[in-house]
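**Student:** Got structure02.cif for you, mmCIF, C-alpha atoms:
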```cif
data_structure
#
loop_
_atom_site.group_PDB
_atom_site.id
_atom_site.type_symbol
_atom_site.label_atom_id
_atom_site.label_comp_id
_atom_site.auth_asym_id
_atom_site.auth_seq_id
_atom_site.Cartn_x
_atom_site.Cartn_y
_atom_site.Cartn_z
ATOM 1 C CA TRP R 1 152.617 126.901 204.405
ATOM 2 C CA LEU R 2 148.982 126.486 203.491
ATOM 3 C CA ASP R 3 148.373 129.908 205.048
ATOM 4 C CA TRP R 4 151.247 131.254 202.932
ATOM 5 C CA ALA R 5 149.622 129.839 199.765
ATOM 6 C CA ALA R 6 146.306 131.374 200.766
ATOM 7 C CA GLU R 7 147.953 134.756 201.259
ATOM 8 C CA VAL R 8 150.285 134.779 198.245
ATOM 9 C CA PHE R 9 148.059 133.064 195.672
ATOM 10 C CA ALA R 10 144.594 133.577 197.208
ATOM 11 C CA ALA R 11 144.390 129.784 197.163
ATOM 12 C CA ARG R 12 142.869 128.505 200.407
ATOM 13 C CA LEU R 13 143.201 124.708 200.444
ATOM 14 C CA GLU R 14 141.087 122.381 202.545
ATOM 15 C CA VAL R 15 142.783 120.009 204.989
ATOM 16 C CA THR R 16 141.717 116.687 206.390
ATOM 17 C CA GLN R 17 142.925 113.888 208.589
ATOM 18 C CA GLY R 18 143.107 110.394 207.240
ATOM 19 C CA VAL R 19 143.675 109.067 203.764
ATOM 20 C CA MET R 20 140.645 110.294 201.851
ATOM 21 C CA ALA R 21 141.282 113.294 199.610
ATOM 22 C CA LEU R 22 139.039 116.323 199.781
ATOM 23 C CA ARG R 23 137.605 118.136 196.804
ATOM 24 C CA GLN R 24 139.417 121.463 196.603
ATOM 25 C CA ASN R 25 137.933 124.800 195.642
ATOM 26 C CA SER R 26 138.200 125.152 191.854
ATOM 27 C CA GLN R 27 139.284 128.813 192.109
ATOM 28 C CA ALA R 28 142.111 127.891 194.490
ATOM 29 C CA LEU R 29 143.261 125.160 192.120
ATOM 30 C CA GLU R 30 143.144 127.525 189.146
ATOM 31 C CA ARG R 31 145.258 130.066 191.043
ATOM 32 C CA LEU R 32 147.842 127.391 191.844
ATOM 33 C CA LYS R 33 147.840 126.280 188.207
ATOM 34 C CA GLN R 34 148.523 129.884 187.224
ATOM 35 C CA ALA R 35 151.396 130.034 189.714
ATOM 36 C CA VAL R 36 152.907 127.010 187.953
ATOM 37 C CA ARG R 37 152.275 128.533 184.512
ATOM 38 C CA ASP R 38 154.146 131.657 185.626
ATOM 39 C CA HIS R 39 157.382 129.617 185.655
ATOM 40 C CA ASP R 40 159.449 129.683 182.482
ATOM 41 C CA SER R 41 160.934 126.411 181.203
ATOM 42 C CA PHE R 42 164.048 126.706 183.358
ATOM 43 C CA ARG R 43 162.159 127.463 186.561
ATOM 44 C CA LEU R 44 159.574 124.820 185.759
ATOM 45 C CA SER R 45 162.234 122.118 185.667
ATOM 46 C CA ALA R 46 163.501 123.147 189.113
ATOM 47 C CA LEU R 47 159.924 123.422 190.410
ATOM 48 C CA GLN R 48 159.257 119.860 189.266
ATOM 49 C CA GLN R 49 162.256 118.699 191.299
ATOM 50 C CA ALA R 50 161.147 120.630 194.377
ATOM 51 C CA VAL R 51 157.563 119.357 194.180
ATOM 52 C CA THR R 52 158.660 115.757 193.646
ATOM 53 C CA ILE R 53 161.128 115.817 196.531
ATOM 54 C CA THR R 54 158.824 117.545 199.019
ATOM 55 C CA GLY R 55 155.652 115.845 197.803
ATOM 56 C CA SER R 56 153.934 119.225 197.876
ATOM 57 C CA LEU R 57 153.106 121.820 195.246
ATOM 58 C CA VAL R 58 152.802 124.462 197.967
ATOM 59 C CA LEU R 59 156.274 123.721 199.359
ATOM 60 C CA GLY R 60 157.725 123.593 195.840
ATOM 61 C CA LEU R 61 156.233 126.990 195.049
ATOM 62 C CA ALA R 62 157.542 128.379 198.349
ATOM 63 C CA VAL R 63 161.047 127.217 197.445
ATOM 64 C CA SER R 64 160.727 128.626 193.929
ATOM 65 C CA ARG R 65 159.789 132.040 195.309
ATOM 66 C CA GLY R 66 162.503 132.050 197.966
ATOM 67 C CA ALA R 67 159.986 132.012 200.814
ATOM 68 C CA LEU R 68 161.351 128.668 202.015
ATOM 69 C CA GLY R 69 164.890 127.363 201.872
ATOM 70 C CA ALA R 70 165.837 123.842 200.862
ATOM 71 C CA ALA R 71 166.859 122.712 204.359
ATOM 72 C CA GLU R 72 163.609 123.890 205.932
ATOM 73 C CA ALA R 73 161.572 122.419 203.073
ATOM 74 C CA MET R 74 163.254 119.058 203.685
ATOM 75 C CA ASP R 75 162.472 119.270 207.403
ATOM 76 C CA VAL R 76 158.831 120.238 206.832
ATOM 77 C CA SER R 77 158.207 117.637 204.151
ATOM 78 C CA HIS R 78 159.907 114.765 205.970
ATOM 79 C CA VAL R 79 158.360 115.164 209.397
ATOM 80 C CA ASP R 80 156.997 111.600 209.278
ATOM 81 C CA ASP R 81 160.476 110.267 208.467
ATOM 82 C CA ALA R 82 161.863 112.150 211.471
ATOM 83 C CA TYR R 83 159.209 110.616 213.704
ATOM 84 C CA GLN R 84 159.935 107.104 212.418
ATOM 85 C CA ILE R 85 163.674 107.589 212.932
ATOM 86 C CA GLU R 86 163.074 108.826 216.462
ATOM 87 C CA ARG R 87 160.841 105.873 217.228
ATOM 88 C CA TRP R 88 162.631 103.025 215.417
ATOM 89 C CA GLY R 89 166.088 104.293 214.528
ATOM 90 C CA ASP R 90 167.655 105.282 211.249
ATOM 91 C CA ASP R 91 168.150 103.057 208.239
ATOM 92 C CA ALA R 92 171.254 103.452 206.065
ATOM 93 C CA ARG R 93 169.373 103.110 202.767
ATOM 94 C CA ALA R 94 166.660 105.535 203.813
ATOM 95 C CA ARG R 95 169.307 107.999 205.028
ATOM 96 C CA ALA R 96 171.144 107.737 201.693
ATOM 97 C CA LYS R 97 167.882 108.423 199.846
ATOM 98 C CA ARG R 98 167.151 111.448 202.066
ATOM 99 C CA ASP R 99 170.690 112.712 201.495
ATOM 100 C CA ARG R 100 170.270 112.455 197.699
ATOM 101 C CA SER R 101 166.904 114.199 197.898
ATOM 102 C CA SER R 102 168.380 116.931 200.066
ATOM 103 C CA ARG R 103 171.244 117.512 197.604
ATOM 104 C CA ASP R 104 168.783 117.661 194.697
ATOM 105 C CA LEU R 105 166.482 120.068 196.536
ATOM 106 C CA HIS R 106 169.433 122.297 197.464
ATOM 107 C CA ALA R 107 170.463 122.256 193.780
ATOM 108 C CA ALA R 108 166.950 123.267 192.687
ATOM 109 C CA ASP R 109 166.916 126.036 195.299
ATOM 110 C CA GLN R 110 170.323 127.279 194.138
ATOM 111 C CA PHE R 111 169.109 127.157 190.535
ATOM 112 C CA PHE R 112 166.146 129.398 191.434
ATOM 113 C CA ARG R 113 168.463 131.826 193.228
ATOM 114 C CA THR R 114 170.882 131.865 190.288
ATOM 115 C CA LEU R 115 168.086 132.681 187.854
ATOM 116 C CA GLU R 116 166.986 135.553 190.098
ATOM 117 C CA GLY R 117 170.494 136.962 190.365
#
```
Output the structure of this file as structure tokens.
**Tutor:**
Amino acid sequence: WLDWAAEVFAARLEVTQGVMALRQNSQALERLKQAVRDHDSFRLSALQQAVTITGSLVLGLAVSRGALGAAEAMDVSHVDDAYQIERWGDDARARAKRDRSSRDLHAADQFFRTLEG
């Protein structure tokens, strides 16, 4: 999805391993800011939901533009959860939280599609 952001917004983001953040290219950040500014108030509220749930501006923008559906966005953004479940088993509270997040992300996705229609 970083390649998608680079192609669609001309915003190539740097990646790293570990916990230390990298300084990003200021032009890439400005292009992503403009992509957010391009959302009207209605779309911005749904984008906020998508970004919060996925933990990613890029994934939120992909959902807002219809390039990524809610189910796939959940899968991509919760890959660590899937690994932990596979390794240690599922937890009822964590599953309930994922289910709520999934419903909210599907609602945001449907909201975007409704506004397009």
**Student:** Set the distance at 12 Å and use all atoms listed in the file: which residues neighbour stretch 13-30 of chain R once local chain neighbours fewer than 4 positions away are removed? I'd like the list as number ranges by chain.
**Tutor:** R: 1-9, 34-37, 57-58
**Student:** Rank nothing, just name the residue among R:Ile85, R:Ala92, R:Ala10, R:Leu47 nearest to R:Arg65, using all atoms listed in the file.
**Tutor:**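 Checking each of R:Ile85, R:Ala92, R:Ala10, R:Leu47 against R:Arg65, counting all atoms listed in the file, the winner is R:Leu47.
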**Student:** Find the distance between atom CA of R:Gln48 and atom CA of R:Gly117 and write it in Å to one decimal.
**Tutor:**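 Going from atom CA of R:Gln48 over to atom CA of R:Gly117, I get 20.5 Å.
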**Student:** Pick from R:Thr114, R:Arg93, R:Ala11, R:Leu105: nearest to R:Leu68, with all atoms listed in the file counted?
**Tutor:**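 Checking each of R:Thr114, R:Arg93, R:Ala11, R:Leu105 against R:Leu68, counting all atoms listed in the file, the winner is R:Leu105.
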**Student:** R:Glu116, R:Asp109, R:Asp90, R:Asp40: which is nearest R:Ile53, counting only C-alpha atoms?
**Tutor:**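 Ranked by minimum distance to R:Ile53, first place goes to R:Asp109.
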**Student:** Distance atom CA of R:Leu32-atom CA of R:Arg103, one decimal place?
**Tutor:**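 Straight-line distance from atom CA of R:Leu32 to atom CA of R:Arg103 works out to 26.0 Å.
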**Student:** Quick check, in Å to one decimal: how far apart do atom CA of R:Asp99 and atom CA of R:Gly55 lie?
**Tutor:**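 Those two atoms sit 15.8 Å apart.
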**Student:** Using all atoms listed in the file, which residue out of R:Met74, R:Leu115, R:Ala67, R:Leu61 lies closest to R:Arg100?
**Tutor:**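 With all atoms listed in the file as the atom set, the closest residue is R:Met74.
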**Student:** Need the axis-aligned box for stretch 90-99 of chain R with 5 Å each side, so what are the centre and edges in Å to one decimal, as AutoDock Vina command-line options?
**Tutor:**
```
--center_x 169.0 --center_y 107.9 --center_z 205.5 --size_x 14.6 --size_y 19.7 --size_z 21.4
```
**Student:** Measuring atom to atom with all atoms listed in the file, identify which of R:Ala108, R:Phe42, R:Val51, R:Ser102 is nearest to R:Asp75.
**Tutor:** R:Ser102
